[in-house]
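Structure file upload-v1.pdb with PDB, C-alpha atoms and all ligand atoms:
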```pdb
MODEL        1
ATOM      1  CA  MET X   1     -18.147  11.919  -9.520
ATOM      2  CA  GLN X   2     -15.630   9.432  -8.253
ATOM      3  CA  THR X   3     -12.385  10.042  -6.417
ATOM      4  CA  ILE X   4      -9.432   8.833  -8.473
ATOM      5  CA  VAL X   5      -6.849  10.967  -6.657
ATOM      6  CA  TYR X   6      -6.878  12.586  -3.235
ATOM      7  CA  GLN X   7      -4.409  14.441  -1.075
ATOM      8  CA  ILE X   8      -3.014  13.685   2.369
ATOM      9  CA  LYS X   9      -0.427  16.155   3.627
ATOM     10  CA  ASP X  10       2.186  16.581   0.872
ATOM     11  CA  ALA X  11       1.322  13.424  -1.055
ATOM     12  CA  VAL X  12      -1.208  12.728  -3.769
ATOM     13  CA  TYR X  13      -2.818   9.308  -3.461
ATOM     14  CA  VAL X  14      -4.071   7.275  -6.417
ATOM     15  CA  ASN X  15      -7.194   5.164  -5.955
ATOM     16  CA  LEU X  16      -7.045   2.471  -8.666
ATOM     17  CA  THR X  17      -9.434  -0.126  -7.349
ATOM     18  CA  ASN X  18     -11.620  -1.289  -4.492
ATOM     19  CA  ARG X  19     -10.701  -4.933  -5.075
ATOM     20  CA  CYS X  20      -8.555  -6.698  -2.492
ATOM     21  CA  PRO X  21      -7.821 -10.366  -1.795
ATOM     22  CA  CYS X  22      -7.762  -9.715   1.953
ATOM     23  CA  ALA X  23     -10.380  -8.846   4.548
ATOM     24  CA  CYS X  24      -8.194  -7.415   7.307
ATOM     25  CA  THR X  25      -9.814  -7.071  10.701
ATOM     26  CA  PHE X  26      -8.414  -3.511  10.939
ATOM     27  CA  CYS X  27      -9.321  -2.399   7.394
ATOM     28  CA  LEU X  28     -10.296   1.261   7.241
ATOM     29  CA  ARG X  29     -12.842   0.416   4.549
ATOM     30  CA  THR X  30     -15.082  -1.118   7.186
ATOM     31  CA  LYS X  31     -15.025   2.103   9.226
ATOM     32  CA  ALA X  32     -15.532   5.024   6.827
ATOM     33  CA  PRO X  33     -16.131   5.743   3.123
ATOM     34  CA  GLY X  34     -12.934   7.792   2.917
ATOM     35  CA  VAL X  35      -9.899   8.930   4.890
ATOM     36  CA  TYR X  36      -9.034  12.214   6.623
ATOM     37  CA  GLY X  37     -11.823  14.205   5.012
ATOM     38  CA  SER X  38     -11.445  12.801   1.498
ATOM     39  CA  PRO X  39     -14.602  12.237  -0.524
ATOM     40  CA  SER X  40     -15.847   8.650  -0.728
ATOM     41  CA  LEU X  41     -13.199   6.332  -2.125
ATOM     42  CA  TRP X  42     -15.707   3.765  -3.306
ATOM     43  CA  LEU X  43     -15.378   3.667  -7.089
ATOM     44  CA  GLU X  44     -18.335   3.277  -9.424
ATOM     45  CA  ARG X  45     -15.902   2.118 -12.091
ATOM     46  CA  GLU X  46     -12.159   1.467 -12.097
ATOM     47  CA  PRO X  47     -10.332   4.297 -13.894
ATOM     48  CA  SER X  48      -8.206   3.672 -16.979
ATOM     49  CA  ALA X  49      -4.529   4.666 -17.061
ATOM     50  CA  GLY X  50      -5.520   7.677 -19.166
ATOM     51  CA  GLU X  51      -8.126   8.777 -16.638
ATOM     52  CA  VAL X  52      -5.605   8.474 -13.800
ATOM     53  CA  GLN X  53      -3.053  10.495 -15.753
ATOM     54  CA  GLU X  54      -5.684  13.126 -16.521
ATOM     55  CA  ALA X  55      -6.648  13.345 -12.833
ATOM     56  CA  LEU X  56      -2.995  13.643 -11.819
ATOM     57  CA  GLY X  57      -2.385  16.262 -14.507
ATOM     58  CA  ALA X  58      -5.099  18.446 -12.974
ATOM     59  CA  GLN X  59      -3.284  18.609  -9.606
ATOM     60  CA  ASP X  60      -1.214  21.524  -8.356
ATOM     61  CA  TRP X  61       2.184  19.844  -8.391
ATOM     62  CA  THR X  62       3.853  22.590  -6.379
ATOM     63  CA  ARG X  63       2.029  21.100  -3.356
ATOM     64  CA  PHE X  64       3.198  17.499  -3.679
ATOM     65  CA  ARG X  65       6.397  15.693  -2.882
ATOM     66  CA  GLU X  66       5.189  12.157  -3.497
ATOM     67  CA  VAL X  67       2.657  10.053  -5.415
ATOM     68  CA  VAL X  68       1.280   7.041  -3.532
ATOM     69  CA  PHE X  69      -0.679   4.193  -5.105
ATOM     70  CA  CYS X  70      -2.969   3.212  -2.287
ATOM     71  CA  GLY X  71      -6.680   3.923  -2.178
ATOM     72  CA  TYR X  72      -9.509   1.743  -1.003
ATOM     73  CA  GLY X  73      -8.244  -1.546  -2.369
ATOM     74  CA  GLU X  74      -5.072  -3.387  -3.320
ATOM     75  CA  PRO X  75      -3.286  -1.435  -6.097
ATOM     76  CA  THR X  76      -1.521  -4.492  -7.543
ATOM     77  CA  GLU X  77      -4.957  -5.813  -8.487
ATOM     78  CA  ARG X  78      -4.420  -3.348 -11.348
ATOM     79  CA  LEU X  79      -0.732  -3.927 -11.855
ATOM     80  CA  ASP X  80      -0.621  -2.990 -15.557
ATOM     81  CA  VAL X  81      -2.283   0.379 -14.946
ATOM     82  CA  LEU X  82      -0.132   1.012 -11.870
ATOM     83  CA  LEU X  83       3.091   0.330 -13.806
ATOM     84  CA  GLU X  84       1.987   2.387 -16.813
ATOM     85  CA  VAL X  85       1.114   5.429 -14.704
ATOM     86  CA  ALA X  86       4.160   5.102 -12.419
ATOM     87  CA  GLY X  87       6.433   4.689 -15.438
ATOM     88  CA  SER X  88       5.088   7.813 -17.118
ATOM     89  CA  LEU X  89       5.410   9.826 -13.889
ATOM     90  CA  LYS X  90       9.053   8.812 -13.461
ATOM     91  CA  ALA X  91       9.788   9.414 -17.161
ATOM     92  CA  ARG X  92       8.452  12.958 -16.831
ATOM     93  CA  ASP X  93      10.131  13.724 -13.498
ATOM     94  CA  PRO X  94      12.707  11.207 -12.218
ATOM     95  CA  SER X  95      13.002  13.179  -8.966
ATOM     96  CA  LEU X  96       9.334  12.611  -8.079
ATOM     97  CA  ARG X  97       9.007  10.011  -5.325
ATOM     98  CA  VAL X  98       6.600   7.185  -6.197
ATOM     99  CA  ARG X  99       5.392   4.779  -3.514
ATOM    100  CA  VAL X 100       3.114   1.753  -3.587
ATOM    101  CA  ASN X 101       1.212   0.732  -0.460
ATOM    102  CA  THR X 102       0.412  -2.949  -0.837
ATOM    103  CA  ASN X 103      -0.521  -6.096   1.020
ATOM    104  CA  GLY X 104       2.457  -7.801  -0.661
ATOM    105  CA  LEU X 105       0.356 -10.419  -2.418
ATOM    106  CA  SER X 106       0.954  -9.148  -5.960
ATOM    107  CA  ASP X 107       2.528 -12.433  -7.102
ATOM    108  CA  LEU X 108      -0.553 -14.400  -6.064
ATOM    109  CA  VAL X 109      -2.946 -11.767  -7.402
ATOM    110  CA  ASN X 110      -1.189 -11.718 -10.773
ATOM    111  CA  GLY X 111      -0.136 -15.367 -10.926
ATOM    112  CA  ARG X 112       3.546 -14.640 -11.578
ATOM    113  CA  PRO X 113       6.612 -13.069  -9.925
ATOM    114  CA  THR X 114       6.119  -9.309 -10.116
ATOM    115  CA  ALA X 115       8.704  -7.532  -7.964
ATOM    116  CA  ALA X 116      11.129  -6.984 -10.854
ATOM    117  CA  LEU X 117       8.440  -5.139 -12.819
ATOM    118  CA  PHE X 118       8.734  -2.187 -10.425
ATOM    119  CA  VAL X 119      12.357  -1.426 -11.355
ATOM    120  CA  GLY X 120      12.791   2.220 -12.373
ATOM    121  CA  LYS X 121       9.106   3.000 -11.842
ATOM    122  CA  VAL X 122       8.740   2.979  -8.060
ATOM    123  CA  ASP X 123      10.984   4.332  -5.296
ATOM    124  CA  CYS X 124       9.360   2.704  -2.304
ATOM    125  CA  ILE X 125       7.135  -0.319  -1.716
ATOM    126  CA  SER X 126       5.387  -0.316   1.643
ATOM    127  CA  ILE X 127       4.063  -3.749   2.574
ATOM    128  CA  SER X 128       1.503  -4.428   5.281
ATOM    129  CA  LEU X 129       3.052  -7.202   7.442
ATOM    130  CA  ASN X 130       1.424  -6.827  10.880
ATOM    131  CA  THR X 131       2.895  -9.955  12.463
ATOM    132  CA  ASP X 132       5.788 -12.370  12.213
ATOM    133  CA  ASP X 133       3.481 -15.324  12.843
ATOM    134  CA  PRO X 134       1.858 -17.063   9.813
ATOM    135  CA  ASP X 135      -1.195 -18.223  11.774
ATOM    136  CA  GLU X 136      -1.785 -14.794  13.230
ATOM    137  CA  TYR X 137      -1.384 -13.286   9.774
ATOM    138  CA  LEU X 138      -4.184 -15.531   8.512
ATOM    139  CA  ALA X 139      -6.452 -14.498  11.375
ATOM    140  CA  LEU X 140      -5.683 -10.780  10.996
ATOM    141  CA  CYS X 141      -5.652 -10.365   7.224
ATOM    142  CA  ARG X 142      -7.905 -13.240   6.124
ATOM    143  CA  PRO X 143      -6.390 -13.527   2.612
ATOM    144  CA  LYS X 144      -8.414 -15.486   0.085
ATOM    145  CA  PHE X 145      -5.211 -17.385  -0.791
ATOM    146  CA  GLY X 146      -5.100 -18.978   2.650
ATOM    147  CA  PRO X 147      -1.776 -20.237   4.081
ATOM    148  CA  ALA X 148       0.027 -19.574   0.781
ATOM    149  CA  ALA X 149      -0.276 -15.835   1.397
ATOM    150  CA  PHE X 150       2.259 -15.227   4.186
ATOM    151  CA  PRO X 151       5.224 -16.961   2.478
ATOM    152  CA  ALA X 152       4.287 -15.233  -0.794
ATOM    153  CA  LEU X 153       4.330 -11.874   0.999
ATOM    154  CA  LEU X 154       7.815 -12.572   2.393
ATOM    155  CA  ARG X 155       9.115 -13.718  -1.001
ATOM    156  CA  PHE X 156       7.701 -10.606  -2.678
ATOM    157  CA  ALA X 157       9.281  -8.386  -0.006
ATOM    158  CA  ARG X 158      12.698 -10.017  -0.465
ATOM    159  CA  GLU X 159      12.553  -9.688  -4.258
ATOM    160  CA  ALA X 160      11.183  -6.138  -4.065
ATOM    161  CA  ALA X 161      14.156  -5.161  -1.888
ATOM    162  CA  GLN X 162      16.379  -6.154  -4.831
ATOM    163  CA  ALA X 163      14.230  -4.210  -7.303
ATOM    164  CA  VAL X 164      13.486  -0.815  -5.761
ATOM    165  CA  PRO X 165      15.471   1.567  -3.540
ATOM    166  CA  GLU X 166      13.316   1.152  -0.430
ATOM    167  CA  VAL X 167      11.036  -1.533   0.979
ATOM    168  CA  VAL X 168       9.226  -0.882   4.240
ATOM    169  CA  LEU X 169       7.236  -3.494   6.137
ATOM    170  CA  THR X 170       4.550  -1.993   8.317
ATOM    171  CA  VAL X 171       2.826  -3.221  11.445
ATOM    172  CA  VAL X 172      -0.287  -1.866  13.080
ATOM    173  CA  GLY X 173      -2.148  -3.024  16.139
ATOM    174  CA  GLU X 174      -0.620  -5.336  18.730
ATOM    175  CA  PRO X 175       3.042  -4.924  17.677
ATOM    176  CA  VAL X 176       2.691  -1.230  18.455
ATOM    177  CA  THR X 177       2.534  -2.045  22.173
ATOM    178  CA  ASP X 178       4.030  -5.562  22.213
ATOM    179  CA  LEU X 179       7.694  -4.663  22.055
ATOM    180  CA  ALA X 180       8.870  -8.285  21.812
ATOM    181  CA  LYS X 181       6.693  -8.767  18.748
ATOM    182  CA  GLN X 182       7.883  -5.468  17.365
ATOM    183  CA  THR X 183      11.486  -6.659  17.757
ATOM    184  CA  ARG X 184      10.725  -9.939  15.965
ATOM    185  CA  CYS X 185       8.970  -8.092  13.120
ATOM    186  CA  ARG X 186      11.939  -5.737  12.788
ATOM    187  CA  ALA X 187      14.364  -8.663  12.616
ATOM    188  CA  LEU X 188      12.175 -10.319   9.972
ATOM    189  CA  ALA X 189      12.036  -7.111   7.927
ATOM    190  CA  GLU X 190      15.794  -6.662   8.105
ATOM    191  CA  SER X 191      16.388 -10.288   7.098
ATOM    192  CA  LEU X 192      14.473  -9.511   3.894
ATOM    193  CA  GLY X 193      16.417  -6.323   3.142
ATOM    194  CA  ALA X 194      13.589  -4.072   4.330
ATOM    195  CA  THR X 195      12.981  -1.747   7.250
ATOM    196  CA  LEU X 196      10.095  -1.793   9.716
ATOM    197  CA  ARG X 197       7.620   1.006  10.321
ATOM    198  CA  VAL X 198       5.192   0.866  13.212
ATOM    199  CA  ARG X 199       2.005   2.512  12.023
ATOM    200  CA  PRO X 200      -0.309   4.354  14.352
ATOM    201  CA  PHE X 201      -3.823   3.049  14.851
ATOM    202  CA  GLU X 202      -6.106   4.784  12.362
ATOM    203  CA  ASN X 203      -9.829   5.147  12.055
ATOM    204  CA  GLY X 204      -9.973   7.239   8.894
ATOM    205  CA  THR X 205     -10.617  10.515  10.653
ATOM    206  CA  ARG X 206      -7.702  10.971  13.005
ATOM    207  CA  LEU X 207      -4.370   9.387  13.780
ATOM    208  CA  PHE X 208      -3.771   7.611  17.064
ATOM    209  CA  PRO X 209      -0.119   8.347  17.801
ATOM    210  CA  VAL X 210       2.333   5.552  18.504
ATOM    211  CA  PRO X 211       2.831   5.409  22.297
TER     212      PRO X 211
HETATM  213  S1  LIG X 301      -5.032  -5.333   2.490
HETATM  214 FE1  LIG X 301      -5.585  -3.176   2.878
HETATM  215  S2  LIG X 301      -7.414  -2.791   1.607
HETATM  216 FE2  LIG X 301      -7.151  -5.020   1.754
HETATM  217  S3  LIG X 301      -8.468  -5.629   3.460
HETATM  218 FE3  LIG X 301      -6.381  -5.318   4.269
HETATM  219  S4  LIG X 301      -6.330  -3.200   4.990
HETATM  220 FE4  LIG X 301      -8.142  -3.407   3.656
ENDMDL
END
```
The structure in this file should be written as structure tokens.
Amino acid sequence: MQTIVYQIKDAVYVNLTNRCPCACTFCLRTKAPGVYGSPSLWLEREPSAGEVQEALGAQDWTRFREVVFCGYGEPTERLDVLLEVAGSLKARDPSLRVRVNTNGLSDLVNGRPTAALFVGKVDCISISLNTDDPDEYLALCRPKFGPAAFPALLRFAREAAQAVPEVVLTVVGEPVTDLAKQTRCRALAESLGATLRVRPFENGTRLFPVP
């Protein structure tokens, strides 16, 4: 039995894949098989769009305010399935909030510009930024695309801000306590048309609040 959807607070999360082009030093996947009491998020097989829709259809929708494509992997590795499911959710209920949590490398993963594909299907794209420094980004996130990754992330963020109502860049780790870095990351986010969110440290079982 594999976990295609799971719940955190008032959101239902969709686990499309375990593939990811990064190997972040802070990745939760290296710490636990799941998050906040969820079953294991390691997939035996990637679910089809139909299987995801079936799993979502079995949920008690009175409990949820938001659907988040996240899971134990990079959701844009399965961009076609993500867009198909998100599109059908929004077609059924335009008021439902749909968010994608991503590393921002969709264009490199898919080999083409992709931000415009989210129009009308997604309300918020949350992109893991973590630093304003390209070299530090490489050391922290270890993307398989190498130095091409950081500029591609910034380009995707800028184009996504034109495509969907809300783009949030997130930072975790040092910028939480390094206020100068936090200020630089916020300025970078705002220059791209996004906002910045400082994420608490997480270990998959409890949240470490932002100081
Ligand atoms: S981008 Fe996300 S899933 Fe991929 S290695 Fe980094 S933290 Fe883990």
Notebook entry, point to check: How would you write as a PyMOL selection string the residues that get within 9 Å of (-4.9, 14.0, -11.8) in the file's frame, counting all atoms listed in the file?
Noted result: chain X and resi 4-6+12+14+51-59
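Proximal residues of ligand LIG 301 (chain X) are Asn18, Arg19, Cys20, Pro21, Cys22, Ala23, Cys24, Thr25, Phe26, Cys27, Leu28, Arg29, Gly71, Tyr72, Gly73, Glu74, Thr102, Asn103, Ser128 and Cys141 of chain X, by a cut-off of 8 Å on only C-alpha atoms and all ligand atoms.
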Next item on the list: Pull the neighbourhood of (8.1, -6.6, -0.2) for me: all residues within 10 Å in file coordinates, counting only C-alpha atoms, as a PyMOL selection string.
Entry: chain X and resi 102-106+115+124-129+152-164+166-169+189+192-194
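Residue nearest Arg63 of chain X within the list X:Leu108, X:Ile8, X:Val85, X:Leu41: X:Ile8 [criterion: smallest interatomic distance, only C-alpha atoms].
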Checklist line | Nearest-residue call for Tyr13 of chain X, choices X:Arg65, X:Arg197, X:Lys121, X:Arg184, using all atoms listed in the file | finding: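 Smallest distance to Tyr13 of chain X is found for X:Arg65.
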